[in-house]
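As stored in my_file_22.cif (mmCIF, C-alpha atoms):
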```cif
data_work
#
loop_
_atom_site.label_atom_id
_atom_site.label_comp_id
_atom_site.auth_asym_id
_atom_site.auth_seq_id
_atom_site.Cartn_x
_atom_site.Cartn_y
_atom_site.Cartn_z
CA MET A 1 -113.75 23.93 148.62
CA ASP A 2 -112.91 23.18 145.00
CA THR A 3 -113.50 26.29 142.86
CA ASP A 4 -114.74 23.97 140.08
CA THR A 5 -118.05 23.73 141.94
CA ILE A 6 -118.41 27.49 141.99
CA GLN A 7 -117.47 27.71 138.31
CA LEU A 8 -120.09 25.09 137.40
CA LEU A 9 -122.73 26.96 139.37
CA LEU A 10 -121.84 30.23 137.65
CA ILE A 11 -122.07 28.54 134.23
CA LEU A 12 -125.55 27.22 135.07
CA ILE A 13 -126.69 30.67 136.19
CA LEU A 14 -125.23 32.27 133.08
CA PHE A 15 -127.07 29.76 130.89
CA VAL A 16 -130.43 30.45 132.58
CA LEU A 17 -129.97 34.22 132.55
CA GLY A 18 -128.70 34.22 128.98
CA MET A 19 -131.60 32.18 127.61
CA LEU A 20 -134.20 34.18 129.52
CA SER A 21 -132.73 37.54 128.51
CA LEU A 22 -132.52 36.42 124.87
CA PHE A 23 -136.18 35.35 124.97
CA LEU A 24 -137.33 38.64 126.51
CA ILE A 25 -135.36 40.86 124.13
CA THR A 26 -136.39 38.99 120.97
CA HIS A 27 -139.94 37.92 121.88
CA PRO A 28 -142.27 39.85 119.52
CA ARG A 29 -145.39 39.65 121.71
CA GLY A 30 -146.45 41.23 124.96
CA ASN A 31 -145.24 44.49 126.42
CA ARG A 32 -142.12 45.07 124.30
CA LYS A 33 -140.79 47.98 126.36
CA SER A 34 -141.05 46.10 129.65
CA ASN A 35 -139.70 42.85 128.26
CA THR A 36 -136.72 44.59 126.65
CA LEU A 37 -135.88 46.42 129.88
CA LEU A 38 -136.09 43.18 131.86
CA GLY A 39 -134.02 41.39 129.22
CA ILE A 40 -131.30 44.07 129.42
CA LEU A 41 -131.39 43.83 133.23
CA LEU A 42 -130.83 40.06 133.12
CA LEU A 43 -128.17 40.43 130.42
CA SER A 44 -126.32 42.99 132.58
CA TRP A 45 -126.49 40.61 135.53
CA SER A 46 -125.13 37.76 133.43
CA LEU A 47 -122.24 39.90 132.13
CA MET A 48 -121.42 40.84 135.70
CA LEU A 49 -121.30 37.16 136.65
CA LEU A 50 -119.23 36.41 133.54
CA ASP A 51 -116.58 38.76 134.89
CA SER A 52 -116.59 36.81 138.17
CA LEU A 53 -116.29 33.52 136.28
CA ALA A 54 -113.34 34.85 134.30
CA ILE A 55 -111.55 35.80 137.51
CA ILE A 56 -112.30 32.58 139.43
CA SER A 57 -111.34 30.37 136.47
CA GLY A 58 -108.04 32.20 136.04
CA TRP A 59 -108.80 33.37 132.49
CA THR A 60 -108.02 36.98 133.36
CA VAL A 61 -104.50 36.02 134.45
CA SER A 62 -103.64 35.83 130.75
CA HIS A 63 -105.88 38.76 129.79
CA THR A 64 -105.44 41.30 132.57
CA ARG A 65 -106.58 44.25 130.46
CA LEU A 66 -110.00 42.61 130.04
CA ALA A 67 -110.54 42.17 133.78
CA PHE A 68 -113.09 44.18 135.80
CA TRP A 69 -114.95 45.55 132.76
CA THR A 70 -118.41 44.43 133.81
CA ASN A 71 -118.41 44.13 137.60
CA GLN A 72 -119.65 47.76 137.85
CA LEU A 73 -122.80 46.73 136.00
CA PHE A 74 -124.52 46.27 139.36
CA LEU A 75 -124.91 50.06 139.21
CA VAL A 76 -127.38 49.65 136.33
CA ILE A 77 -129.38 46.80 137.91
CA GLY A 78 -131.22 49.14 140.30
CA PRO A 79 -132.15 51.77 137.67
CA LEU A 80 -133.26 49.07 135.21
CA LEU A 81 -135.38 47.40 137.90
CA TYR A 82 -137.05 50.73 138.70
CA LEU A 83 -137.67 51.59 135.03
CA TYR A 84 -138.95 48.07 134.39
CA THR A 85 -141.44 48.38 137.27
CA ARG A 86 -142.68 51.70 135.92
CA SER A 87 -143.03 50.29 132.41
CA VAL A 88 -145.12 47.36 133.69
CA LEU A 89 -147.41 49.51 135.81
CA HIS A 90 -147.88 52.33 133.32
CA PRO A 91 -148.87 51.14 129.80
CA HIS A 92 -148.04 54.52 128.27
CA PHE A 93 -144.53 54.55 129.74
CA ARG A 94 -141.86 55.98 127.44
CA LEU A 95 -138.13 56.18 128.00
CA ARG A 96 -137.07 59.82 128.05
CA ALA A 97 -133.70 61.47 127.65
CA VAL A 98 -133.78 62.38 131.35
CA ASP A 99 -133.86 58.67 132.21
CA LEU A 100 -130.29 58.37 130.96
CA TRP A 101 -129.18 60.26 134.07
CA HIS A 102 -129.83 57.06 136.02
CA LEU A 103 -126.83 55.54 134.24
CA LEU A 104 -124.46 58.38 135.13
CA PRO A 105 -122.96 56.70 138.27
CA PHE A 106 -122.16 53.59 136.22
CA VAL A 107 -120.54 55.57 133.41
CA LEU A 108 -118.45 57.68 135.81
CA ILE A 109 -117.25 54.78 137.95
CA LEU A 110 -116.58 52.55 134.93
CA GLY A 111 -114.59 55.33 133.25
CA ALA A 112 -112.61 56.17 136.38
CA THR A 113 -111.81 52.57 137.28
CA GLN A 114 -110.83 51.55 133.75
CA ILE A 115 -108.63 54.59 133.18
CA GLY A 116 -106.84 53.78 136.44
CA TRP A 117 -106.72 50.04 135.71
CA GLN A 118 -105.37 50.31 132.17
CA SER A 119 -102.65 52.75 133.29
CA LEU A 120 -101.23 50.33 135.86
CA PRO A 121 -98.04 48.38 135.05
CA ALA A 122 -98.61 44.81 133.84
CA ASP A 123 -97.10 43.19 136.93
CA ILE A 124 -99.41 45.14 139.29
CA ARG A 125 -102.45 44.24 137.18
CA LEU A 126 -101.41 40.59 137.26
CA GLU A 127 -101.04 40.59 141.06
CA ALA A 128 -104.43 42.32 141.46
CA VAL A 129 -106.14 39.74 139.25
CA LYS A 130 -104.57 36.86 141.17
CA THR A 131 -105.76 38.24 144.53
CA ALA A 132 -109.14 39.67 143.38
CA TYR A 133 -111.01 36.56 144.55
CA THR A 134 -109.87 37.06 148.17
CA MET A 135 -109.22 40.81 148.25
CA ARG A 136 -110.31 42.46 151.54
CA GLU A 137 -109.11 46.04 151.17
CA ASP A 138 -111.06 48.74 153.03
CA TRP A 139 -111.61 50.78 149.86
CA LEU A 140 -113.25 47.76 148.22
CA GLY A 141 -115.62 47.33 151.14
CA GLY A 142 -116.58 51.00 150.93
CA LEU A 143 -117.22 50.75 147.18
CA ILE A 144 -119.39 47.65 147.61
CA LEU A 145 -121.37 49.42 150.33
CA ILE A 146 -122.01 52.45 148.09
CA ILE A 147 -123.09 50.25 145.18
CA GLN A 148 -125.50 48.25 147.34
CA ALA A 149 -126.91 51.41 148.91
CA GLN A 150 -127.61 52.76 145.42
CA PHE A 151 -129.44 49.53 144.56
CA GLY A 152 -131.44 49.78 147.79
CA ILE A 153 -132.67 53.26 146.85
CA TYR A 154 -133.88 52.12 143.44
CA LEU A 155 -135.55 49.03 144.89
CA TRP A 156 -137.39 51.28 147.36
CA LEU A 157 -138.52 53.46 144.45
CA ALA A 158 -139.80 50.35 142.63
CA PHE A 159 -141.80 49.25 145.68
CA ARG A 160 -143.18 52.79 146.00
CA GLU A 161 -144.40 52.67 142.39
CA LEU A 162 -146.07 49.32 143.09
CA LYS A 163 -147.77 50.70 146.22
CA ARG A 164 -149.12 53.71 144.31
CA TYR A 165 -150.47 51.46 141.58
CA SER A 166 -152.10 49.18 144.16
CA LEU A 167 -153.94 52.18 145.59
CA GLN A 168 -155.12 53.21 142.11
CA LEU A 169 -156.22 49.64 141.52
CA LYS A 170 -158.78 49.97 144.30
CA ASN A 171 -160.32 52.91 142.47
CA ASN A 172 -160.75 50.88 139.29
CA TYR A 173 -161.63 47.28 140.14
CA SER A 174 -163.88 45.48 142.59
CA ARG A 175 -161.65 42.41 142.73
CA GLY A 176 -158.03 42.54 143.82
CA ASP A 177 -157.14 39.56 141.62
CA GLN A 178 -158.44 41.09 138.38
CA ILE A 179 -154.93 42.45 137.75
CA ASN A 180 -152.02 40.05 138.15
CA LEU A 181 -149.88 42.11 140.54
CA PRO A 182 -148.75 39.38 142.98
CA TRP A 183 -146.14 38.08 140.52
CA LEU A 184 -144.54 41.54 140.23
CA ARG A 185 -144.55 41.94 144.01
CA PHE A 186 -143.03 38.48 144.36
CA PHE A 187 -140.44 39.31 141.71
CA LEU A 188 -139.32 42.46 143.57
CA TRP A 189 -139.17 40.61 146.88
CA GLY A 190 -137.24 37.82 145.19
CA ILE A 191 -134.68 40.29 143.86
CA LEU A 192 -134.44 41.85 147.34
CA ILE A 193 -133.78 38.45 148.95
CA VAL A 194 -131.22 37.42 146.31
CA VAL A 195 -129.34 40.71 146.61
CA GLY A 196 -129.62 40.54 150.40
CA ILE A 197 -127.96 37.12 150.37
CA GLY A 198 -125.29 38.58 148.08
CA ALA A 199 -124.73 41.36 150.62
CA LEU A 200 -124.24 38.76 153.36
CA GLN A 201 -121.75 37.03 151.06
CA ASN A 202 -119.73 40.26 150.81
CA LEU A 203 -120.03 40.70 154.57
CA MET A 204 -118.51 37.25 155.06
CA ARG A 205 -115.67 38.32 152.80
CA PHE A 206 -114.62 41.09 155.18
CA LEU A 207 -115.55 39.52 158.53
CA THR A 208 -113.46 36.38 158.15
CA ASP A 209 -109.96 35.64 157.01
CA SER A 210 -111.00 32.12 156.04
CA ASN A 211 -111.47 31.60 152.33
CA GLN A 212 -113.52 28.48 153.02
CA GLY A 213 -116.29 30.42 154.78
CA TYR A 214 -116.33 32.97 151.97
CA GLU A 215 -116.48 30.21 149.35
CA TRP A 216 -119.48 28.65 151.08
CA SER A 217 -121.20 32.04 151.13
CA ILE A 218 -120.58 32.37 147.37
CA LEU A 219 -122.10 28.92 146.86
CA ILE A 220 -125.22 29.76 148.90
CA SER A 221 -125.61 33.09 147.10
CA GLY A 222 -125.23 31.36 143.74
CA PHE A 223 -127.83 28.71 144.56
CA ALA A 224 -130.26 31.43 145.69
CA LEU A 225 -129.74 33.29 142.42
CA LEU A 226 -130.12 30.13 140.33
CA THR A 227 -133.25 29.02 142.20
CA PHE A 228 -134.90 32.40 141.82
CA PHE A 229 -134.31 32.73 138.08
CA VAL A 230 -135.27 29.10 137.41
CA TRP A 231 -138.55 29.87 139.22
CA PHE A 232 -138.96 33.01 137.12
CA THR A 233 -138.34 31.05 133.92
CA LEU A 234 -140.94 28.43 134.87
CA LYS A 235 -143.36 31.23 135.76
CA ALA A 236 -142.83 32.75 132.32
CA LEU A 237 -143.53 29.41 130.63
CA ARG A 238 -146.69 28.72 132.65
CA GLN A 239 -148.09 32.25 132.65
CA PRO A 240 -146.85 34.07 129.53
CA GLU A 241 -149.56 36.69 130.10
CA ILE A 242 -147.44 38.25 132.85
CA PHE A 243 -145.32 39.73 130.07
CA SER A 244 -148.32 41.27 128.31
CA GLY A 245 -148.47 44.38 130.48
CA LEU A 246 -151.32 45.82 132.52
CA PRO A 247 -154.37 47.80 131.41
CA PRO A 248 -154.36 51.57 131.97
CA LEU A 249 -156.10 52.82 135.10
CA THR A 250 -158.22 55.90 135.56
CA PRO A 251 -155.98 58.47 137.30
CA PRO A 252 -156.82 59.26 140.94
CA PRO A 253 -159.18 62.20 141.49
CA SER A 254 -157.63 65.63 141.68
CA GLU A 255 -157.05 67.04 145.15
CA ARG A 256 -157.86 70.59 144.07
CA SER A 257 -160.77 72.45 145.64
CA MET A 258 -164.06 72.12 143.80
CA THR A 259 -166.50 74.87 142.98
CA GLU A 260 -170.03 74.69 144.38
CA ALA A 261 -171.33 73.75 140.94
CA GLU A 262 -168.83 70.87 140.69
CA GLN A 263 -169.73 69.66 144.17
CA ALA A 264 -173.44 69.79 143.33
CA SER A 265 -172.84 67.84 140.11
CA LEU A 266 -170.85 65.13 141.93
CA ARG A 267 -173.46 64.88 144.71
CA ALA A 268 -176.15 64.38 142.08
CA LEU A 269 -174.04 61.68 140.45
CA ALA A 270 -173.45 60.00 143.84
CA ASP A 271 -177.21 59.98 144.54
CA ARG A 272 -177.84 58.55 141.11
CA LEU A 273 -175.23 55.89 141.72
CA GLN A 274 -176.78 54.91 145.04
CA SER A 275 -180.20 54.57 143.45
CA TYR A 276 -178.77 52.54 140.57
CA MET A 277 -177.06 50.18 142.99
CA GLN A 278 -180.25 49.59 144.97
CA GLU A 279 -182.35 49.07 141.85
CA HIS A 280 -180.01 47.07 139.61
CA GLN A 281 -177.52 45.61 142.13
CA ALA A 282 -174.64 46.03 139.68
CA PHE A 283 -172.26 44.99 142.47
CA LEU A 284 -173.35 41.38 141.92
CA GLN A 285 -171.24 41.33 138.74
CA PRO A 286 -168.02 39.55 139.87
CA ASP A 287 -165.75 41.38 137.41
CA LEU A 288 -167.33 44.82 137.78
CA SER A 289 -164.84 47.62 137.08
CA LEU A 290 -165.05 51.39 137.35
CA LYS A 291 -165.04 51.70 133.57
CA ALA A 292 -167.84 49.13 133.15
CA LEU A 293 -170.00 50.82 135.78
CA ALA A 294 -169.37 54.22 134.19
CA VAL A 295 -170.61 52.84 130.87
CA GLN A 296 -173.79 51.58 132.58
CA LEU A 297 -174.38 55.04 134.05
CA SER A 298 -173.35 56.85 130.82
CA VAL A 299 -170.77 58.98 132.66
CA SER A 300 -167.00 59.28 132.44
CA PRO A 301 -164.88 57.00 134.69
CA ARG A 302 -163.12 60.09 136.08
CA ASP A 303 -166.39 61.72 137.19
CA LEU A 304 -167.64 58.47 138.70
CA SER A 305 -164.35 57.98 140.54
CA GLN A 306 -164.56 61.50 141.96
CA ALA A 307 -168.15 60.98 143.11
CA ILE A 308 -167.20 57.78 144.96
CA ASN A 309 -163.94 59.12 146.40
CA ARG A 310 -164.82 62.70 147.25
CA ILE A 311 -168.54 62.54 147.96
CA LEU A 312 -169.00 59.04 149.37
CA GLY A 313 -165.51 58.95 150.86
CA GLN A 314 -164.57 55.46 149.65
CA SER A 315 -162.49 53.77 147.01
CA PHE A 316 -164.36 51.98 144.23
CA PHE A 317 -163.11 48.66 145.65
CA ASP A 318 -164.50 49.37 149.15
CA TYR A 319 -167.73 50.88 147.84
CA ILE A 320 -168.63 47.81 145.76
CA ASN A 321 -167.51 45.30 148.36
CA GLN A 322 -169.43 47.03 151.15
CA HIS A 323 -172.61 46.58 149.10
CA ARG A 324 -171.72 42.92 148.63
CA ILE A 325 -171.05 42.39 152.34
CA THR A 326 -174.30 44.13 153.33
CA LEU A 327 -176.25 41.80 151.06
CA ALA A 328 -174.27 38.79 152.35
CA GLN A 329 -175.23 39.73 155.92
CA GLN A 330 -178.87 39.83 154.95
CA LYS A 331 -178.72 36.49 153.13
CA ILE A 332 -176.94 34.80 156.03
CA ALA A 333 -179.43 36.18 158.55
CA LYS A 334 -182.53 35.35 156.48
CA ALA A 335 -181.42 32.01 155.08
CA GLU A 336 -184.46 29.76 155.34
CA ASP A 337 -182.53 26.65 154.37
CA PRO A 338 -179.85 25.89 157.02
CA LYS A 339 -177.98 23.85 154.41
CA ILE A 340 -177.08 26.99 152.47
CA THR A 341 -173.37 27.53 153.09
CA VAL A 342 -171.44 30.73 153.49
CA LEU A 343 -169.49 29.74 150.37
CA GLU A 344 -172.68 29.68 148.29
CA ILE A 345 -173.65 33.10 149.57
CA MET A 346 -170.16 34.36 148.78
CA TYR A 347 -170.64 33.54 145.10
CA GLU A 348 -174.18 34.91 145.08
CA VAL A 349 -173.07 38.38 146.18
CA GLY A 350 -170.24 38.67 143.64
CA PHE A 351 -167.09 37.39 145.36
CA GLN A 352 -164.87 34.84 143.62
CA SER A 353 -162.26 34.33 146.32
CA LYS A 354 -162.89 33.01 149.83
CA SER A 355 -159.92 34.88 151.27
CA SER A 356 -161.10 38.17 149.71
CA PHE A 357 -164.63 37.55 151.02
CA ASN A 358 -163.42 36.81 154.56
CA THR A 359 -161.12 39.84 154.56
CA ALA A 360 -163.85 42.19 153.33
CA PHE A 361 -166.46 40.72 155.69
CA LYS A 362 -164.25 41.23 158.71
CA LYS A 363 -163.32 44.73 157.58
CA PHE A 364 -166.95 45.90 157.40
CA THR A 365 -168.48 43.85 160.23
CA GLY A 366 -165.62 43.19 162.63
CA MET A 367 -166.12 39.42 162.44
CA THR A 368 -165.79 36.52 160.02
CA PRO A 369 -168.78 35.21 158.01
CA THR A 370 -168.87 32.08 160.18
CA GLN A 371 -168.94 34.16 163.36
CA TRP A 372 -171.69 36.33 161.90
CA LYS A 373 -173.75 33.27 160.99
CA ALA A 374 -173.32 31.79 164.47
CA GLN A 375 -174.32 35.10 166.06
CA THR A 376 -177.49 35.49 163.99
CA GLN A 377 -178.52 31.89 164.64
CA HIS A 378 -177.93 32.35 168.36
CA ALA A 379 -180.01 35.55 168.37
CA GLU A 380 -182.93 33.62 166.86
#
```

Turn the structure described in the file into structure tokens.
Amino acid sequence: MDTDTIQLLLILILFVLGMLSLFLITHPRGNRKSNTLLGILLLSWSLMLLDSLAIISGWTVSHTRLAFWTNQLFLVIGPLLYLYTRSVLHPHFRLRAVDLWHLLPFVLILGATQIGWQSLPADIRLEAVKTAYTMREDWLGGLILIIQAQFGIYLWLAFRELKRYSLQLKNNYSRGDQINLPWLRFFLWGILIVVGIGALQNLMRFLTDSNQGYEWSILISGFALLTFFVWFTLKALRQPEIFSGLPPLTPPPSERSMTEAEQASLRALADRLQSYMQEHQAFLQPDLSLKALAVQLSVSPRDLSQAINRILGQSFFDYINQHRITLAQQKIAKAEDPKITVLEIMYEVGFQSKSSFNTAFKKFTGMTPTQWKAQTQHAE
């Protein structure tokens, strides 16, 4: 395969990453901390690819001392991805001095490799640069494995942060789509897939002696990277609000033991909540949140969350949706007009998404709304 194709692909990727990183770092609106972290992540990735382009194009043959300066930047991709995820999910996120420890492996490996590289004779550096594209030394395979394992750990930490936030989300909102989390989940999975394809590319490098197979793997990896970041750019243009950050959530209730007085107070609040729900049917409000309901009851969101979690034994999400499903069951069973559809009832009880309604209905009744309707009609 002609390396010109690979060079052209790398140039396209560098253009997309460069423009997107420049936009994120300089854009004055939205969540500045998150956007800056993501911009630095993309800039680091582009610099890493620039090093590869310099090697493949032969530029480093004439500038051997400038070779291999940025290929260790993959060691900062994982930490930046983790810190970015935290900054998106936690509006009050602040970078601390202790966060700099995440960059220690990069600093140590960059320092060690560059000290060793710059001390080599010119002819050895030249030979290494010429063979870098096809190098298959065991030590290189081991280093790549360590670097990718480090990235895997940070990606796991990012997914763990997302899972924790998703659990907190259920204690704050009655609709899963009130917070735009799917794009962040998709972004993390996209990064995982792109890096996974890159890992297969490196595997091809060491499993075959054929440069052609390795070149094809580079091409596939490059197209995957380009496709993903073009998608991300289009997503940013169509939904700029994804860079605005997320609202703060009420922290989960404390797990500490409560005094009898605290338990009595929460039980009283739970009883009051139950009465309020029966009388005012606040669950019919499609966008009902924990904070909004707390305002209606003139209590703090934390106390209300504790009453629902620790006394009633449910998340806010399940508590509200169970009330909605109970009313939906009644409306389906007592519908005098057979022309009334399940979809109409779905909107009447506060749901805005058919998939969310079906999922909740099956969770609390063991069957779909259509099955429930058929059963009630058959019973009559």

*Between A:Val129, A:Ile146, A:Leu83, A:Leu226, which one has atoms that come closest to A:Leu49, using all atoms listed in the file?*
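Result for the nearest residue to A:Leu49: A:Leu226.
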
*asked:* When you count all atoms listed in the file, which of these residues is closest to A:Ser57: A:Phe23, A:Phe15, A:Tyr133, A:Phe186?
replied: A:Tyr133

*Please provide the set of residues having any atom within 12 Å of A:Met19, restricted to all atoms listed in the file, with same-chain residues fewer than 6 positions apart removed, written as a list in words.*
Leu12, Ile13, Ile25, Thr26, His27, Gly39, Leu42, Leu43, Ser46, Phe229, Val230 and Thr233 of chain A

*asked:* Taking 2 positions as the minimum chain separation for residues in the same chain, which residues sit within 8 Å of A:Leu10 when counting all atoms listed in the file? Answer as a PyMOL selection string.
replied: chain A and resi 6-8+12-14+49-50+53+222

Write the selection just made, keeping C-alpha atoms, as an mmCIF file, keeping the file's coordinate frame?
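File written: result18.cif
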```cif
data_model
loop_
_atom_site.group_PDB
_atom_site.id
_atom_site.type_symbol
_atom_site.label_atom_id
_atom_site.label_comp_id
_atom_site.auth_asym_id
_atom_site.auth_seq_id
_atom_site.Cartn_x
_atom_site.Cartn_y
_atom_site.Cartn_z
ATOM 1 C CA ILE A 6 -118.410 27.490 141.990
ATOM 2 C CA GLN A 7 -117.470 27.710 138.310
ATOM 3 C CA LEU A 8 -120.090 25.090 137.400
ATOM 4 C CA LEU A 12 -125.550 27.220 135.070
ATOM 5 C CA ILE A 13 -126.690 30.670 136.190
ATOM 6 C CA LEU A 14 -125.230 32.270 133.080
ATOM 7 C CA LEU A 49 -121.300 37.160 136.650
ATOM 8 C CA LEU A 50 -119.230 36.410 133.540
ATOM 9 C CA LEU A 53 -116.290 33.520 136.280
ATOM 10 C CA GLY A 222 -125.230 31.360 143.740
#
```

*Hey, what comes out of the PyMOL selection byres ((chain A and resi 368) around 12) on this file? Could you write it as a list in words?*
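Here the PyMOL selection byres ((chain A and resi 368) around 12) matches Ile325, Ala328, Gln329, Ile332, Val342, Lys354, Ser355, Ser356, Phe357, Asn358, Thr359, Ala360, Phe361, Lys362, Lys363, Phe364, Thr365, Gly366, Met367, Pro369, Thr370, Gln371, Trp372, Lys373, Ala374 and Gln375 of chain A.
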
_Reference answer for the PyMOL selection byres ((chain A and resi 41) around 8), as a PyMOL selection string_ = chain A and resi 21+37-40+42-45+76-77+80-81

*asked:* One number please: atom CA of A:Met346 to atom CA of A:Asp318, in Å, one decimal.
replied: 16.0 Å

*List the residues selected by the PyMOL selection byres ((chain A and resi 62) around 12) in the file shown, writing them as a ChimeraX atom specification.*
/A:54-55,57-61,63-67,122-123,125-127,129-130

*asked:* Could you tell me how far atom CA of A:Trp69 sits from atom CA of A:Thr113, in Å to one decimal place?
replied: 8.9 Å

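Shortest separation to A:Met48 among A:Gln274, A:Leu9, A:Lys163, A:Phe68 occurs at residue A:Phe68, atoms counted being all atoms listed in the file.
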
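Minimum atom-to-atom distances from A:Leu200, A:Ile311, A:Leu120, A:Ile144 to A:Phe74 were compared using all atoms listed in the file, and the lowest value belongs to A:Ile144.
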
*Protein and nucleic acid residues near (-170.9, 53.2, 135.2) (cut-off 12 Å, all atoms listed in the file) as a PyMOL selection string*: chain A and resi 172+269-270+272-274+276-277+280+282-283+288-305+307-308+316

*asked:* Quick check, in Å to one decimal: how far apart do atom CA of A:Gln352 and atom CA of A:Ala333 lie?
replied: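 Straight-line distance from atom CA of A:Gln352 to atom CA of A:Ala333 works out to 20.9 Å.
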
*Considering only C-alpha atoms, state which residue in the set A:Gln148, A:Pro286, A:Thr85, A:Gln330 is at the smallest distance from A:Tyr347.*
A:Pro286

*Go through A:Ile218, A:Phe159, A:Arg86, A:Val107 and flag the residue nearest A:Thr3, using all atoms listed in the file for the distances.*
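Of A:Ile218, A:Phe159, A:Arg86, A:Val107, the one nearest A:Thr3 is A:Ile218, counting all atoms listed in the file.
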